[in-house]
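Engineer: As input, take coords03.cif (mmCIF, C-alpha atoms and all ligand atoms):
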```cif
data_run
loop_
_atom_site.label_atom_id
_atom_site.label_comp_id
_atom_site.auth_asym_id
_atom_site.auth_seq_id
_atom_site.Cartn_x
_atom_site.Cartn_y
_atom_site.Cartn_z
CA MET A 1 19.78 -50.96 58.12
CA VAL A 2 18.14 -47.86 59.52
CA ARG A 3 20.35 -45.38 61.36
CA PHE A 4 19.05 -42.41 63.35
CA THR A 5 21.66 -39.99 64.67
CA VAL A 6 21.03 -36.74 66.49
CA LEU A 7 24.06 -34.62 65.66
CA ALA A 8 22.95 -31.64 67.74
CA SER A 9 19.84 -30.62 69.65
CA GLY A 10 19.03 -27.38 71.44
CA SER A 11 18.68 -23.65 70.92
CA LYS A 12 22.22 -23.36 69.48
CA GLY A 13 21.57 -25.75 66.61
CA ASN A 14 19.54 -28.79 65.56
CA CYS A 15 20.58 -31.48 63.08
CA THR A 16 19.61 -35.14 62.76
CA VAL A 17 20.75 -37.54 60.08
CA ILE A 18 18.56 -40.50 59.16
CA SER A 19 19.50 -43.23 56.76
CA GLY A 20 17.37 -46.05 55.47
CA GLY A 21 17.80 -48.25 52.40
CA ARG A 22 19.95 -46.31 49.94
CA THR A 23 18.77 -42.93 51.18
CA ARG A 24 20.31 -40.53 53.67
CA ILE A 25 18.60 -37.30 54.76
CA LEU A 26 19.26 -34.47 57.15
CA ILE A 27 16.46 -33.02 59.23
CA ASP A 28 17.24 -29.37 59.94
CA ALA A 29 20.53 -27.63 59.29
CA GLY A 30 21.07 -25.63 62.44
CA LEU A 31 24.82 -26.29 62.67
CA SER A 32 27.33 -24.49 60.50
CA CYS A 33 28.34 -26.56 57.50
CA ARG A 34 31.80 -27.08 58.93
CA GLU A 35 30.50 -28.28 62.31
CA LEU A 36 27.92 -30.47 60.61
CA PHE A 37 30.56 -32.20 58.48
CA LYS A 38 32.78 -32.63 61.52
CA ARG A 39 30.03 -34.28 63.52
CA MET A 40 28.89 -36.48 60.66
CA LYS A 41 32.43 -37.81 60.24
CA LEU A 42 32.63 -38.35 63.99
CA VAL A 43 29.67 -40.75 63.84
CA GLY A 44 30.84 -42.44 60.65
CA GLU A 45 28.49 -40.73 58.18
CA ASP A 46 29.82 -39.31 54.93
CA PRO A 47 28.31 -35.85 54.24
CA GLU A 48 28.82 -36.38 50.49
CA THR A 49 26.24 -39.17 50.57
CA LEU A 50 23.40 -36.97 51.86
CA ASP A 51 20.46 -36.92 49.46
CA ALA A 52 18.38 -34.04 50.83
CA ILE A 53 17.83 -31.57 53.65
CA ILE A 54 14.38 -31.25 55.23
CA ILE A 55 13.49 -28.16 57.26
CA THR A 56 10.95 -28.26 60.11
CA HIS A 57 10.67 -24.45 60.50
CA GLU A 58 12.64 -21.29 59.89
CA HIS A 59 14.01 -20.54 63.36
CA GLN A 60 17.71 -19.87 63.35
CA ASP A 61 18.65 -22.95 65.37
CA HIS A 62 17.18 -25.07 62.54
CA ILE A 63 18.48 -23.26 59.45
CA ASN A 64 21.77 -21.60 60.35
CA GLY A 65 23.94 -23.70 58.05
CA LEU A 66 21.31 -24.41 55.42
CA ALA A 67 22.40 -22.38 52.38
CA VAL A 68 26.10 -23.20 52.70
CA THR A 69 25.48 -26.92 53.27
CA ALA A 70 22.95 -27.30 50.45
CA ARG A 71 25.20 -25.47 47.99
CA LYS A 72 28.33 -27.34 48.98
CA LEU A 73 26.61 -30.71 48.56
CA GLY A 74 24.39 -29.64 45.63
CA ILE A 75 21.33 -31.31 47.17
CA PRO A 76 17.65 -30.30 47.29
CA VAL A 77 16.03 -28.63 50.26
CA TYR A 78 12.49 -29.62 51.30
CA PHE A 79 10.38 -26.93 52.93
CA THR A 80 6.74 -26.03 53.19
CA GLU A 81 6.16 -22.98 51.02
CA PRO A 82 5.50 -20.59 53.95
CA THR A 83 8.71 -21.79 55.63
CA HIS A 84 10.69 -21.24 52.43
CA ARG A 85 9.32 -17.74 52.17
CA ALA A 86 10.03 -16.97 55.84
CA TRP A 87 13.59 -18.23 55.39
CA THR A 88 14.00 -16.02 52.32
CA ARG A 89 12.74 -13.03 54.31
CA TRP A 90 15.11 -13.81 57.15
CA LEU A 91 18.07 -13.79 54.76
CA THR A 92 17.03 -10.58 53.01
CA PRO A 93 15.58 -8.46 55.82
CA ARG A 94 16.19 -5.18 54.05
CA ARG A 95 14.26 -6.11 50.96
CA THR A 96 10.51 -6.34 51.23
CA MET A 97 8.80 -8.31 48.53
CA THR A 98 5.21 -8.80 47.57
CA TYR A 99 4.13 -12.41 47.26
CA ALA A 100 4.12 -12.06 43.47
CA GLN A 101 7.66 -10.69 43.49
CA TRP A 102 8.79 -13.50 45.69
CA LEU A 103 7.28 -16.02 43.29
CA GLU A 104 9.03 -14.26 40.44
CA GLN A 105 12.33 -14.63 42.27
CA CYS A 106 11.62 -18.35 42.74
CA ARG A 107 10.82 -18.65 39.05
CA LYS A 108 14.08 -16.95 38.05
CA GLN A 109 16.13 -19.12 40.35
CA ALA A 110 14.43 -22.17 38.92
CA ALA A 111 15.06 -20.95 35.37
CA GLU A 112 18.75 -20.47 36.18
CA ARG A 113 18.95 -23.95 37.57
CA GLN A 114 17.18 -25.27 34.51
CA ALA A 115 19.63 -23.51 32.20
CA GLU A 116 22.51 -24.95 34.18
CA ALA A 117 21.06 -28.43 34.10
CA ASP A 118 20.48 -28.14 30.35
CA SER A 119 23.99 -26.97 29.68
CA ALA A 120 25.36 -29.79 31.77
CA ALA A 121 23.28 -32.11 29.59
CA GLU A 122 21.72 -33.64 32.65
CA GLY A 123 18.19 -34.75 31.98
CA GLU A 124 17.04 -34.75 35.57
CA ALA A 125 15.46 -31.42 36.36
CA ASP A 126 12.28 -32.65 38.04
CA GLU A 127 12.60 -30.54 41.12
CA VAL A 128 13.44 -27.46 39.12
CA GLU A 129 10.31 -27.90 37.07
CA ALA A 130 8.23 -28.49 40.14
CA ILE A 131 9.00 -25.11 41.64
CA ALA A 132 9.06 -23.30 38.32
CA GLY A 133 5.58 -24.61 37.67
CA GLN A 134 4.28 -23.33 40.97
CA ALA A 135 5.85 -19.94 40.47
CA VAL A 136 4.62 -19.47 36.93
CA GLU A 137 1.00 -19.92 38.02
CA ALA A 138 1.02 -16.75 40.03
CA THR A 139 3.25 -14.47 38.01
CA GLY A 140 0.22 -13.05 36.23
CA THR A 141 -0.52 -11.01 39.32
CA ASP A 142 2.86 -9.32 39.30
CA ASP A 143 2.25 -5.60 39.10
CA GLY A 144 5.80 -4.91 38.07
CA ALA A 145 6.53 -2.74 41.08
CA GLY A 146 10.18 -2.64 42.08
CA LEU A 147 11.49 -4.18 45.25
CA GLU A 148 11.34 -1.77 48.10
CA THR A 149 14.58 -0.98 49.74
CA ARG A 150 14.51 -0.12 53.41
CA THR A 151 17.46 1.55 54.98
CA THR A 152 17.98 2.27 58.61
CA ALA A 153 20.43 5.11 58.54
CA GLY A 154 23.51 4.73 60.65
CA LEU A 155 22.75 1.15 61.68
CA GLU A 156 24.00 -0.75 58.70
CA THR A 157 27.45 -0.93 57.33
CA GLY A 158 26.57 -3.14 54.39
CA ALA A 159 23.76 -0.91 53.13
CA THR A 160 25.28 -0.66 49.67
CA ALA A 161 24.90 -4.37 48.99
CA GLN A 162 21.29 -4.37 47.93
CA THR A 163 21.49 -1.11 46.01
CA ASP A 164 23.75 -2.81 43.46
CA ALA A 165 20.89 -4.93 42.21
CA PRO A 166 18.47 -3.26 39.82
CA ALA A 167 15.31 -2.48 41.74
CA ASP A 168 13.04 -4.63 39.61
CA GLN A 169 15.24 -7.69 39.37
CA PRO A 170 16.13 -10.28 41.96
CA PRO A 171 19.88 -10.59 42.41
CA SER A 172 21.69 -13.13 40.27
CA ARG A 173 22.83 -16.42 41.65
CA LYS A 174 26.23 -15.33 42.94
CA GLU A 175 25.02 -12.43 45.06
CA ASP A 176 21.74 -14.01 46.08
CA PRO A 177 21.94 -15.40 49.64
CA THR A 178 18.67 -17.29 49.09
CA TRP A 179 19.89 -19.31 46.14
CA LEU A 180 19.61 -23.08 46.61
CA PRO A 181 20.56 -25.93 44.29
CA ALA A 182 16.92 -27.15 44.27
CA VAL A 183 13.77 -26.58 46.29
CA GLN A 184 10.93 -29.01 46.87
CA TYR A 185 7.71 -28.16 48.65
CA PHE A 186 5.74 -30.41 50.94
CA GLU A 187 2.59 -29.80 53.00
CA ALA A 188 1.59 -30.88 56.47
CA GLY A 189 -0.86 -33.75 56.16
CA ARG A 190 0.49 -34.95 52.81
CA PRO A 191 2.97 -37.82 53.07
CA PHE A 192 5.83 -37.92 50.57
CA GLU A 193 8.92 -39.95 49.87
CA ILE A 194 12.58 -39.23 49.41
CA GLY A 195 14.16 -42.34 47.96
CA ASP A 196 13.68 -45.16 50.46
CA ILE A 197 12.42 -42.93 53.28
CA ALA A 198 8.73 -42.02 53.64
CA LEU A 199 7.87 -38.85 55.52
CA SER A 200 4.54 -37.81 57.04
CA PRO A 201 4.68 -34.15 58.05
CA PHE A 202 2.20 -32.87 60.62
CA THR A 203 1.48 -29.39 61.96
CA ILE A 204 2.83 -28.50 65.39
CA PRO A 205 1.88 -25.50 67.55
CA HIS A 206 4.94 -23.20 67.51
CA ASP A 207 5.58 -19.52 66.73
CA ALA A 208 6.94 -20.00 63.22
CA ALA A 209 5.41 -19.60 59.74
CA ASP A 210 4.37 -23.22 59.20
CA PRO A 211 6.19 -25.53 61.63
CA VAL A 212 6.02 -29.31 61.27
CA GLY A 213 6.98 -32.53 62.99
CA PHE A 214 7.43 -35.82 61.16
CA VAL A 215 6.83 -39.49 61.28
CA LEU A 216 9.50 -41.11 59.13
CA LYS A 217 9.40 -44.65 57.90
CA ALA A 218 12.20 -46.70 56.41
CA GLU A 219 12.58 -50.46 56.09
CA GLY A 220 9.43 -50.87 58.20
CA VAL A 221 10.83 -48.77 61.08
CA ARG A 222 8.71 -45.81 62.21
CA MET A 223 10.37 -42.79 63.79
CA GLY A 224 8.48 -39.90 65.43
CA PHE A 225 10.05 -36.46 65.42
CA ALA A 226 8.48 -33.69 67.50
CA THR A 227 10.41 -30.74 68.90
CA ASP A 228 9.58 -27.02 69.09
CA LEU A 229 5.96 -27.25 70.13
CA GLY A 230 4.07 -25.42 72.84
CA TYR A 231 1.82 -28.33 73.75
CA ILE A 232 0.80 -31.69 72.30
CA PRO A 233 -2.51 -31.34 70.46
CA PRO A 234 -4.62 -34.38 69.48
CA ASN A 235 -3.26 -34.49 65.91
CA VAL A 236 0.29 -34.84 67.21
CA LYS A 237 -0.73 -37.50 69.76
CA ALA A 238 -2.39 -39.46 66.98
CA GLN A 239 0.68 -39.22 64.73
CA LEU A 240 3.04 -40.45 67.43
CA LYS A 241 1.26 -43.75 67.94
CA GLY A 242 3.03 -46.94 66.94
CA VAL A 243 6.50 -45.48 66.52
CA ASP A 244 9.65 -47.52 67.13
CA LEU A 245 11.62 -44.43 68.04
CA LEU A 246 10.28 -41.25 69.56
CA LEU A 247 12.25 -38.01 69.59
CA LEU A 248 10.36 -35.62 71.85
CA GLU A 249 11.12 -32.13 73.11
CA SER A 250 11.77 -31.73 76.83
CA ASN A 251 12.81 -28.10 76.74
CA HIS A 252 12.60 -26.65 80.21
CA ASP A 253 11.86 -27.27 83.83
CA LEU A 254 8.96 -25.00 84.77
CA GLU A 255 10.49 -23.80 88.02
CA MET A 256 13.89 -23.19 86.49
CA LEU A 257 12.30 -21.18 83.71
CA ARG A 258 10.21 -19.12 86.12
CA ASP A 259 13.20 -18.35 88.37
CA GLY A 260 15.72 -18.21 85.53
CA PRO A 261 17.55 -15.42 83.71
CA TYR A 262 15.19 -14.84 80.76
CA PRO A 263 13.27 -11.55 80.56
CA TRP A 264 9.59 -11.91 81.37
CA SER A 265 8.52 -11.52 77.73
CA VAL A 266 10.75 -14.41 76.65
CA LYS A 267 9.51 -16.57 79.54
CA GLN A 268 5.98 -15.90 78.36
CA ARG A 269 6.91 -16.89 74.82
CA VAL A 270 8.53 -20.16 75.87
CA LEU A 271 5.61 -21.04 78.15
CA SER A 272 2.92 -20.16 75.63
CA ARG A 273 0.87 -22.56 73.52
CA VAL A 274 3.23 -21.85 70.63
CA GLY A 275 6.46 -22.06 72.64
CA HIS A 276 8.32 -25.13 73.85
CA LEU A 277 7.46 -28.33 75.73
CA SER A 278 8.37 -28.44 79.40
CA ASN A 279 9.71 -31.55 81.14
CA GLU A 280 6.36 -31.71 82.90
CA THR A 281 4.29 -31.67 79.69
CA ALA A 282 6.59 -34.15 77.96
CA SER A 283 6.30 -36.50 80.94
CA GLU A 284 2.58 -36.13 81.12
CA PHE A 285 2.40 -37.23 77.50
CA LEU A 286 4.78 -40.14 78.14
CA SER A 287 2.68 -41.42 81.02
CA THR A 288 -0.80 -40.87 79.59
CA GLY A 289 -0.91 -39.95 75.88
CA TYR A 290 1.82 -42.14 74.47
CA ASP A 291 1.31 -45.83 73.69
CA GLY A 292 4.61 -47.01 75.20
CA GLN A 293 5.63 -48.94 72.09
CA ALA A 294 8.90 -47.27 71.10
CA ALA A 295 12.21 -49.05 71.62
CA TYR A 296 13.88 -45.68 72.15
CA VAL A 297 12.65 -42.41 73.59
CA ILE A 298 15.00 -39.49 72.98
CA LEU A 299 14.48 -36.29 74.94
CA ALA A 300 15.51 -33.34 72.77
CA HIS A 301 15.90 -29.58 72.53
CA LEU A 302 16.84 -29.25 76.21
CA SER A 303 17.41 -25.66 77.26
CA GLU A 304 20.87 -24.93 78.62
CA SER A 305 19.54 -22.05 80.74
CA ASN A 306 16.29 -23.47 82.03
CA ASN A 307 16.83 -27.20 82.33
CA LEU A 308 19.24 -29.80 83.62
CA PRO A 309 19.66 -33.17 81.90
CA GLU A 310 19.07 -34.90 85.24
CA LEU A 311 15.76 -33.13 85.79
CA ALA A 312 14.54 -34.05 82.31
CA ARG A 313 15.70 -37.63 82.72
CA VAL A 314 14.18 -38.18 86.16
CA SER A 315 10.89 -36.70 85.06
CA ALA A 316 10.67 -38.88 81.93
CA ASP A 317 11.96 -41.98 83.76
CA ARG A 318 9.21 -41.66 86.30
CA ALA A 319 6.61 -41.28 83.56
CA LEU A 320 7.91 -44.32 81.69
CA SER A 321 8.26 -46.50 84.79
CA PHE A 322 4.54 -47.25 84.61
CA ARG A 323 5.06 -48.88 81.24
CA ALA A 324 4.88 -52.64 81.31
CA SER A 325 7.36 -53.43 78.55
CA LEU A 326 10.89 -53.84 79.84
CA LEU A 327 12.45 -53.99 76.41
CA ALA A 328 10.90 -50.78 75.14
CA ASN A 329 11.41 -47.15 76.06
CA ARG A 330 15.15 -46.96 76.42
CA LEU A 331 15.61 -43.34 77.43
CA LEU A 332 18.31 -41.18 75.82
CA LEU A 333 19.09 -37.47 75.99
CA ALA A 334 20.10 -35.58 72.86
CA GLU A 335 22.87 -33.07 73.42
CA GLN A 336 23.81 -29.68 72.09
CA HIS A 337 27.55 -30.03 71.95
CA GLN A 338 28.11 -33.59 70.78
CA PRO A 339 26.32 -36.16 68.66
CA LEU A 340 24.29 -38.90 70.25
CA GLU A 341 25.46 -42.45 69.60
CA PRO A 342 23.73 -43.61 66.36
CA ILE A 343 20.62 -45.72 66.93
CA THR A 344 20.28 -48.61 64.54
CA PHE A 345 17.44 -50.93 63.65
ZN ZN B 1 14.39 -24.85 67.95
ZN ZN B 2 11.63 -23.04 66.93
#
```
Represent the structure contained in this file as structure tokens.
Structural biologist:
Amino acid sequence: MVRFTVLASGSKGNCTVISGGRTRILIDAGLSCRELFKRMKLVGEDPETLDAIIITHEHQDHINGLAVTARKLGIPVYFTEPTHRAWTRWLTPRRTMTYAQWLEQCRKQAAERQAEADSAAEGEADEVEAIAGQAVEATGTDDGAGLETRTTAGLETGATAQTDAPADQPPSRKEDPTWLPAVQYFEAGRPFEIGDIALSPFTIPHDAADPVGFVLKAEGVRMGFATDLGYIPPNVKAQLKGVDLLLLESNHDLEMLRDGPYPWSVKQRVLSRVGHLSNETASEFLSTGYDGQAAYVILAHLSESNNLPELARVSADRALSFRASLLANRLLLAEQHQPLEPITF
């Protein structure tokens, strides 16, 4: 059985759990670990059975609980390399690293994991080797320069934290906020598998390092996953054909955003080609670009300031009403504060 459950969706946190065959994965870890576990139990999913976490992009509402959750469960995290690096930078804003230094840090973390795995006499260190291999390739360019330490006098109370670490060495596992049990890289355009679930990542237009959407496939069921995108380019339209479930952003109502409380610069950002999908754009896609084949259409990432569930629903309903199939296109709205009823196939 395939189960697709949106645990949270919106600018305060995004998390979706998908299970198929013997595999269970989490897409994005925007909830705190505690809240994530609470919501998983609420919908009858056991957090301990998660196999991996997959990250779409490094914005806070998608990665807030990542490190704690991955460490607690001891499971691998799948990123694109630019997203992993952006996440690392976000967690260590006071330390600037050259690319070579960053790779060196990855290599050391991987070596630590390898040593741990060896001492635990576990033979399975595939993922550790994968990242160690990638890091080793580029370490030849390391010029040996120490990590720069930036301080902003008077603003930081924890400024001593990073001065404890020797300048030329990444911090050890315990004090390193970027440490993860295992890291796996994927690339947009290159399908990969995690156990019984196949994932096809595709690039989406959004103001992050290397944001992606997915088509996931398990037990013959195809699920499209596209939030955090400024518009729907042809590559995304093509990917979302023939899905049995479509999760699509319907972020804001254009008028509400224009008249709403956000400063002009933020309004510009949301409206831009690398911002978020409006109800209007989502509906336009549903009425013209989409093939109408999905059993379920889930509207997601609704803004709490610039949208109302009813506006998003009415807009999408109208767009879908032109679809001939009565059985398909059951419309659901993902919520920020409570999980959506699990969808099963
Ligand atoms: Zn987001
Ligand atoms: Zn985002």
Engineer: Work out how far CA of Gly230 (chain A) is from CA of Leu248 (chain A), in Å to one decimal.
Structural biologist: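 Value for the CA of Leu248 (chain A)-CA of Gly230 (chain A) distance: 12.0 Å.
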Engineer: Return as CSV the residues of chain A lying at most 12 Å from ligand ZN 2 (chain B), together with the closest atom-to-atom pair for each and the distance in Å to one decimal, counting only C-alpha atoms and all ligand atoms, with rows in chain order and ascending residue number.
Structural biologist:
```
residue,atom,partner,partner_atom,distance
A:Ser9,CA,B:ZN2,ZN,11.5
A:Gly10,CA,B:ZN2,ZN,9.7
A:Ser11,CA,B:ZN2,ZN,8.1
A:Lys12,CA,B:ZN2,ZN,10.9
A:Gly13,CA,B:ZN2,ZN,10.3
A:Asn14,CA,B:ZN2,ZN,9.9
A:Asp28,CA,B:ZN2,ZN,11.0
A:Gly30,CA,B:ZN2,ZN,10.8
A:Ile55,CA,B:ZN2,ZN,11.1
A:Thr56,CA,B:ZN2,ZN,8.6
A:His57,CA,B:ZN2,ZN,6.7
A:Glu58,CA,B:ZN2,ZN,7.3
A:His59,CA,B:ZN2,ZN,5.0
A:Gln60,CA,B:ZN2,ZN,7.7
A:Asp61,CA,B:ZN2,ZN,7.2
A:His62,CA,B:ZN2,ZN,7.4
A:Ile63,CA,B:ZN2,ZN,10.1
A:Thr83,CA,B:ZN2,ZN,11.7
A:Ile204,CA,B:ZN2,ZN,10.5
A:Pro205,CA,B:ZN2,ZN,10.1
A:His206,CA,B:ZN2,ZN,6.7
A:Asp207,CA,B:ZN2,ZN,7.0
A:Ala208,CA,B:ZN2,ZN,6.7
A:Ala209,CA,B:ZN2,ZN,10.1
A:Asp210,CA,B:ZN2,ZN,10.6
A:Pro211,CA,B:ZN2,ZN,8.0
A:Val212,CA,B:ZN2,ZN,10.1
A:Gly213,CA,B:ZN2,ZN,11.3
A:Ala226,CA,B:ZN2,ZN,11.1
A:Thr227,CA,B:ZN2,ZN,8.0
A:Asp228,CA,B:ZN2,ZN,5.0
A:Leu229,CA,B:ZN2,ZN,7.8
A:Gly230,CA,B:ZN2,ZN,9.9
A:Glu249,CA,B:ZN2,ZN,11.0
A:Asn251,CA,B:ZN2,ZN,11.1
A:Arg269,CA,B:ZN2,ZN,11.1
A:Val270,CA,B:ZN2,ZN,9.9
A:Val274,CA,B:ZN2,ZN,9.3
A:Gly275,CA,B:ZN2,ZN,7.8
A:His276,CA,B:ZN2,ZN,8.0
A:Leu277,CA,B:ZN2,ZN,11.1
A:His301,CA,B:ZN2,ZN,9.6
```
Engineer: Out of A:Val6, A:Leu180, A:Ala300, A:Ala334, which residue has the shortest atom-to-atom distance to ligand ZN 1 (chain B) when counting only C-alpha atoms and all ligand atoms?
Structural biologist: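 Smallest separation from ligand ZN 1 (chain B) among the options: A:Ala300.
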Engineer: Counting only C-alpha atoms and all ligand atoms, figure out which residue out of A:Ala294, A:Asp317, A:Arg330, A:Ser303 gets nearest to ligand ZN 1 (chain B).
Structural biologist: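 Answer, going by the shortest atom-to-atom distance: A:Ser303.
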Engineer: Extract, using only C-alpha atoms, all DNA, RNA and protein residues at most 7 Å from Met223 (chain A), discarding same-chain residues fewer than 3 positions from it, and format them as a list in words.
Structural biologist: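 Once the nearby chain positions are removed, what remains is Val215, Leu216, Lys217, Val243, Asp244, Leu245 and Leu246 of chain A.
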Engineer: Using Å and a single decimal, report how far CA of Asn307 (chain A) sits from CA of Gly260 (chain A).
Structural biologist: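 Taking CA of Gly260 (chain A) as the start and CA of Asn307 (chain A) as the end point, the length is 9.6 Å.
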Engineer: For CA of Tyr231 (chain A) and CA of Ala282 (chain A), quote the distance in Å rounded to one decimal.
Structural biologist: 8.6 Å
Engineer: Within 10 Å of (11.4, -15.1, 45.7) in the file's own coordinates, which protein, DNA or RNA residues have an atom, counting all atoms listed in the file? List them as a ChimeraX atom specification.
Structural biologist: /A:84-85,88-89,97-109,135,170,178-179
Engineer: Around the point (28.9, -29.2, 71.1) in the file's coordinates, collect all residues with an atom within 10 Å, using all atoms listed in the file, and return them as a PyMOL selection string.
Structural biologist: chain A and resi 7-9+12-13+31+35+39+335-339
Engineer: Residues within 12 Å of Arg34 (chain A), please, as number ranges by chain. Count only C-alpha atoms; anything in the same chain fewer than 2 positions from it doesn't count.
Structural biologist: A: 29-32, 36-41, 47, 64-66, 68-69, 72
Engineer: Give the answer as one residue: which of A:Leu302, A:Arg258, A:Ser19, A:Phe192 has the shortest atom-to-atom distance to ligand ZN 1 (chain B), using all atoms listed in the file?
Structural biologist: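 Closest to ligand ZN 1 (chain B) of all the choices is A:Leu302.
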Engineer: Quick one: of A:Leu73, A:Ala52, A:Leu332, A:Ala319, who's nearest to Tyr290 (chain A), counting only C-alpha atoms?
Structural biologist: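 Counting only C-alpha atoms, the residue closest to Tyr290 (chain A) is A:Ala319.
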Engineer: Which residue, A:Pro234, A:Pro177, A:Pro263, A:Gly195, has the smallest gap to Leu91 (chain A) when you use only C-alpha atoms?
Structural biologist: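 Once distances to Leu91 (chain A) are computed over only C-alpha atoms, the minimum belongs to A:Pro177.
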Engineer: Output requested as an mmCIF file, in the coordinates of the input - region 301-323 of chain A, filled out with N, CA and C atoms.
Structural biologist:
```cif
data_model
loop_
_atom_site.group_PDB
_atom_site.id
_atom_site.type_symbol
_atom_site.label_atom_id
_atom_site.label_comp_id
_atom_site.auth_asym_id
_atom_site.auth_seq_id
_atom_site.Cartn_x
_atom_site.Cartn_y
_atom_site.Cartn_z
ATOM 1 N N HIS A 301 16.047 -31.026 72.437
ATOM 2 C CA HIS A 301 15.900 -29.580 72.530
ATOM 3 C C HIS A 301 15.888 -29.092 73.985
ATOM 4 N N LEU A 302 16.753 -29.673 74.810
ATOM 5 C CA LEU A 302 16.840 -29.250 76.210
ATOM 6 C C LEU A 302 17.463 -27.858 76.286
ATOM 7 N N SER A 303 16.873 -27.001 77.074
ATOM 8 C CA SER A 303 17.410 -25.660 77.260
ATOM 9 C C SER A 303 18.648 -25.728 78.154
ATOM 10 N N GLU A 304 19.660 -24.958 77.785
ATOM 11 C CA GLU A 304 20.870 -24.930 78.620
ATOM 12 C C GLU A 304 20.710 -23.961 79.791
ATOM 13 N N SER A 305 19.752 -23.033 79.673
ATOM 14 C CA SER A 305 19.540 -22.050 80.740
ATOM 15 C C SER A 305 18.464 -22.482 81.720
ATOM 16 N N ASN A 306 17.484 -23.217 81.224
ATOM 17 C CA ASN A 306 16.290 -23.470 82.030
ATOM 18 C C ASN A 306 15.997 -24.953 82.240
ATOM 19 N N ASN A 307 17.037 -25.767 82.114
ATOM 20 C CA ASN A 307 16.830 -27.200 82.330
ATOM 21 C C ASN A 307 18.153 -27.824 82.751
ATOM 22 N N LEU A 308 18.060 -29.001 83.319
ATOM 23 C CA LEU A 308 19.240 -29.800 83.620
ATOM 24 C C LEU A 308 18.941 -31.198 83.087
ATOM 25 N N PRO A 309 19.921 -31.829 82.447
ATOM 26 C CA PRO A 309 19.660 -33.170 81.900
ATOM 27 C C PRO A 309 19.081 -34.101 82.966
ATOM 28 N N GLU A 310 19.563 -33.997 84.192
ATOM 29 C CA GLU A 310 19.070 -34.900 85.240
ATOM 30 C C GLU A 310 17.594 -34.683 85.533
ATOM 31 N N LEU A 311 17.179 -33.422 85.526
ATOM 32 C CA LEU A 311 15.760 -33.130 85.790
ATOM 33 C C LEU A 311 14.882 -33.717 84.687
ATOM 34 N N ALA A 312 15.314 -33.526 83.441
ATOM 35 C CA ALA A 312 14.540 -34.050 82.310
ATOM 36 C C ALA A 312 14.485 -35.573 82.377
ATOM 37 N N ARG A 313 15.624 -36.171 82.677
ATOM 38 C CA ARG A 313 15.700 -37.630 82.720
ATOM 39 C C ARG A 313 14.833 -38.217 83.821
ATOM 40 N N VAL A 314 14.945 -37.651 85.024
ATOM 41 C CA VAL A 314 14.180 -38.180 86.160
ATOM 42 C C VAL A 314 12.687 -38.079 85.897
ATOM 43 N N SER A 315 12.292 -36.932 85.346
ATOM 44 C CA SER A 315 10.890 -36.700 85.060
ATOM 45 C C SER A 315 10.347 -37.723 84.049
ATOM 46 N N ALA A 316 11.112 -37.939 82.959
ATOM 47 C CA ALA A 316 10.670 -38.880 81.930
ATOM 48 C C ALA A 316 10.750 -40.326 82.424
ATOM 49 N N ASP A 317 11.791 -40.631 83.195
ATOM 50 C CA ASP A 317 11.960 -41.980 83.760
ATOM 51 C C ASP A 317 10.755 -42.357 84.599
ATOM 52 N N ARG A 318 10.350 -41.410 85.423
ATOM 53 C CA ARG A 318 9.210 -41.660 86.300
ATOM 54 C C ARG A 318 7.957 -41.929 85.452
ATOM 55 N N ALA A 319 7.793 -41.113 84.416
ATOM 56 C CA ALA A 319 6.610 -41.280 83.560
ATOM 57 C C ALA A 319 6.616 -42.645 82.859
ATOM 58 N N LEU A 320 7.816 -43.068 82.441
ATOM 59 C CA LEU A 320 7.910 -44.320 81.690
ATOM 60 C C LEU A 320 7.911 -45.548 82.583
ATOM 61 N N SER A 321 8.151 -45.355 83.885
ATOM 62 C CA SER A 321 8.260 -46.500 84.790
ATOM 63 C C SER A 321 6.933 -47.250 84.907
ATOM 64 N N PHE A 322 5.851 -46.583 84.557
ATOM 65 C CA PHE A 322 4.540 -47.250 84.610
ATOM 66 C C PHE A 322 4.304 -48.148 83.401
ATOM 67 N N ARG A 323 5.227 -48.075 82.453
ATOM 68 C CA ARG A 323 5.060 -48.880 81.240
ATOM 69 C C ARG A 323 5.453 -50.323 81.504
#
```
